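> Here it is: the structure, laid out below.
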Amino acid sequence: MTINLATSYLTLAAILFCIGLFGALTKRNAVIVLLSIEVMLNAVVLNLIAFSKYGIVPSITGQIFSLFTIVVAAAGAAVGVAILIALFRNRGTSDITEMNELKH
Amino acid sequence: MPSFLTGELAAFFIFALLIIGGAIFMISFTKVVHMVVSLAFTFLSLGGVYVILEAEFVAFVQILIYAGAVSILMIFGIMLTKHEEVETEQPWTKQETLSAIGCAALFGILFFAIQDTTLPDATDFDPGQDNTLAIGERLFTEWVLPFELVSLLLTVAFIGAIVLARREEGK
């Protein structure tokens, strides 16, 4: 019996992505929603690195792409937290169900 | 010990358990600070998986950026907003049920797609004698333009974050 390791890494990334998606859809605190999005991005990075070793053409380019993804994710997290703090100062809430000004 | 249980596989299973455990605890905890700490566990273990995949430089970037910077940033975000908040135990709403069904369906599709795919036998991956050196050489020759662009993006994003979070004058 042999276990295909590439498949295991892809499955792990799929599980992580789905948990992140569920957290982003159901959590009420905006900071946790941001963090769930980071988890989804991390699943993508895991896929990139798994394919950089087990893909058809193994190459270090996958790792370089994963670095770019991490940078963009970090920039997104910083701007997201800044928006949350500004919103909290103006509205006094960090509950995403109360952030619905665009609706009315 | 069965023959298929190699060291790589054993390490992978331990780290996978830690990753999924951290994420599941994030879903089930009610205090927001606890959620961030359990996700920090997930990020740290992902660094371990990257080491197994021979991506040492990315592993340490992961630990520095995610387990270090992003987790701390999120804890700051919680402390600057409502840090006493506890997610109240509410009855399972319709939205949560729909989300759970949707996520499970997505996972099912992904799982069967992954199982169906026959990946070719990988040719040997050459991470280079020194992983950091190899990444640096590629980054500053082939990928130098994206590298400069991403540094510009980071600068713009951080200036934007400071401007957004700054208290406005005369308020």
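Following the order of the structure tokens, first chain is A, next is B, and so on, with residues numbered from 1 inside each chain and ligands from 1 in the order they appear.
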Write out as JSON lines the residues of chain B that have any atom within 7 Å of an atom of chain A, one row each with the nearest atom pair and its distance in Å to one decimal, counting only C-alpha atoms, sorted by chain and then rising number.

{"residue": "B:Phe4", "atom": "CA", "partner": "A:Thr2", "partner_atom": "CA", "distance": 5.9}
{"residue": "B:Ala16", "atom": "CA", "partner": "A:Leu12", "partner_atom": "CA", "distance": 6.9}
{"residue": "B:Ile20", "atom": "CA", "partner": "A:Leu16", "partner_atom": "CA", "distance": 6.8}
{"residue": "B:Ala23", "atom": "CA", "partner": "A:Ile19", "partner_atom": "CA", "distance": 6.7}
{"residue": "B:Ile27", "atom": "CA", "partner": "A:Gly23", "partner_atom": "CA", "distance": 6.3}
{"residue": "B:Leu53", "atom": "CA", "partner": "A:Ala50", "partner_atom": "CA", "distance": 6.7}
{"residue": "B:Ala55", "atom": "CA", "partner": "A:Gln63", "partner_atom": "CA", "distance": 6.9}
{"residue": "B:Val58", "atom": "CA", "partner": "A:Leu67", "partner_atom": "CA", "distance": 6.7}
{"residue": "B:Val70", "atom": "CA", "partner": "A:Ala74", "partner_atom": "CA", "distance": 7.0}
{"residue": "B:Met74", "atom": "CA", "partner": "A:Val31", "partner_atom": "CA", "distance": 6.5}
{"residue": "B:Gly77", "atom": "CA", "partner": "A:Val81", "partner_atom": "CA", "distance": 6.0}
{"residue": "B:Ile78", "atom": "CA", "partner": "A:Val31", "partner_atom": "CA", "distance": 6.7}
{"residue": "B:Leu80", "atom": "CA", "partner": "A:Ile85", "partner_atom": "CA", "distance": 6.9}
{"residue": "B:Thr81", "atom": "CA", "partner": "A:Phe88", "partner_atom": "CA", "distance": 6.3}
{"residue": "B:Lys82", "atom": "CA", "partner": "A:Ser94", "partner_atom": "CA", "distance": 6.9}
{"residue": "B:Glu96", "atom": "CA", "partner": "A:Thr26", "partner_atom": "CA", "distance": 5.8}
{"residue": "B:Ser99", "atom": "CA", "partner": "A:Phe22", "partner_atom": "CA", "distance": 6.2}
{"residue": "B:Ala100", "atom": "CA", "partner": "A:Phe22", "partner_atom": "CA", "distance": 6.4}
{"residue": "B:Cys103", "atom": "CA", "partner": "A:Cys18", "partner_atom": "CA", "distance": 5.5}
{"residue": "B:Phe107", "atom": "CA", "partner": "A:Cys18", "partner_atom": "CA", "distance": 6.3}
{"residue": "B:Leu110", "atom": "CA", "partner": "A:Ala14", "partner_atom": "CA", "distance": 6.7}
{"residue": "B:Phe111", "atom": "CA", "partner": "A:Thr11", "partner_atom": "CA", "distance": 6.4}
{"residue": "B:Ile114", "atom": "CA", "partner": "A:Thr7", "partner_atom": "CA", "distance": 6.5}
{"residue": "B:Pro120", "atom": "CA", "partner": "A:Ile56", "partner_atom": "CA", "distance": 6.3}
{"residue": "B:Ala122", "atom": "CA", "partner": "A:Tyr54", "partner_atom": "CA", "distance": 5.4}
{"residue": "B:Thr123", "atom": "CA", "partner": "A:Pro58", "partner_atom": "CA", "distance": 6.9}
{"residue": "B:Phe125", "atom": "CA", "partner": "A:Pro58", "partner_atom": "CA", "distance": 5.3}
{"residue": "B:Pro127", "atom": "CA", "partner": "A:Ile60", "partner_atom": "CA", "distance": 6.5}
{"residue": "B:Ile135", "atom": "CA", "partner": "A:Ile64", "partner_atom": "CA", "distance": 6.7}
{"residue": "B:Leu154", "atom": "CA", "partner": "A:Ala75", "partner_atom": "CA", "distance": 5.9}
{"residue": "B:Ala157", "atom": "CA", "partner": "A:Ala75", "partner_atom": "CA", "distance": 5.7}
{"residue": "B:Phe158", "atom": "CA", "partner": "A:Ala78", "partner_atom": "CA", "distance": 6.9}
{"residue": "B:Gly160", "atom": "CA", "partner": "A:Val79", "partner_atom": "CA", "distance": 6.9}
{"residue": "B:Ala161", "atom": "CA", "partner": "A:Val79", "partner_atom": "CA", "distance": 4.8}
{"residue": "B:Leu164", "atom": "CA", "partner": "A:Ala82", "partner_atom": "CA", "distance": 5.8}
{"residue": "B:Ala165", "atom": "CA", "partner": "A:Ala82", "partner_atom": "CA", "distance": 4.9}
> Please, what distance in Å, to one decimal, runs between atom CA of B:Tyr66 and atom CA of B:Leu44?
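Separating atom CA of B:Tyr66 from atom CA of B:Leu44 is a distance of 7.9 Å.
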> Which one of B:Phe76, B:Phe13, B:Phe25, B:Trp143 sits closest to B:Leu39 if you count only C-alpha atoms?
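Smallest separation from B:Leu39 among the options: B:Phe25.
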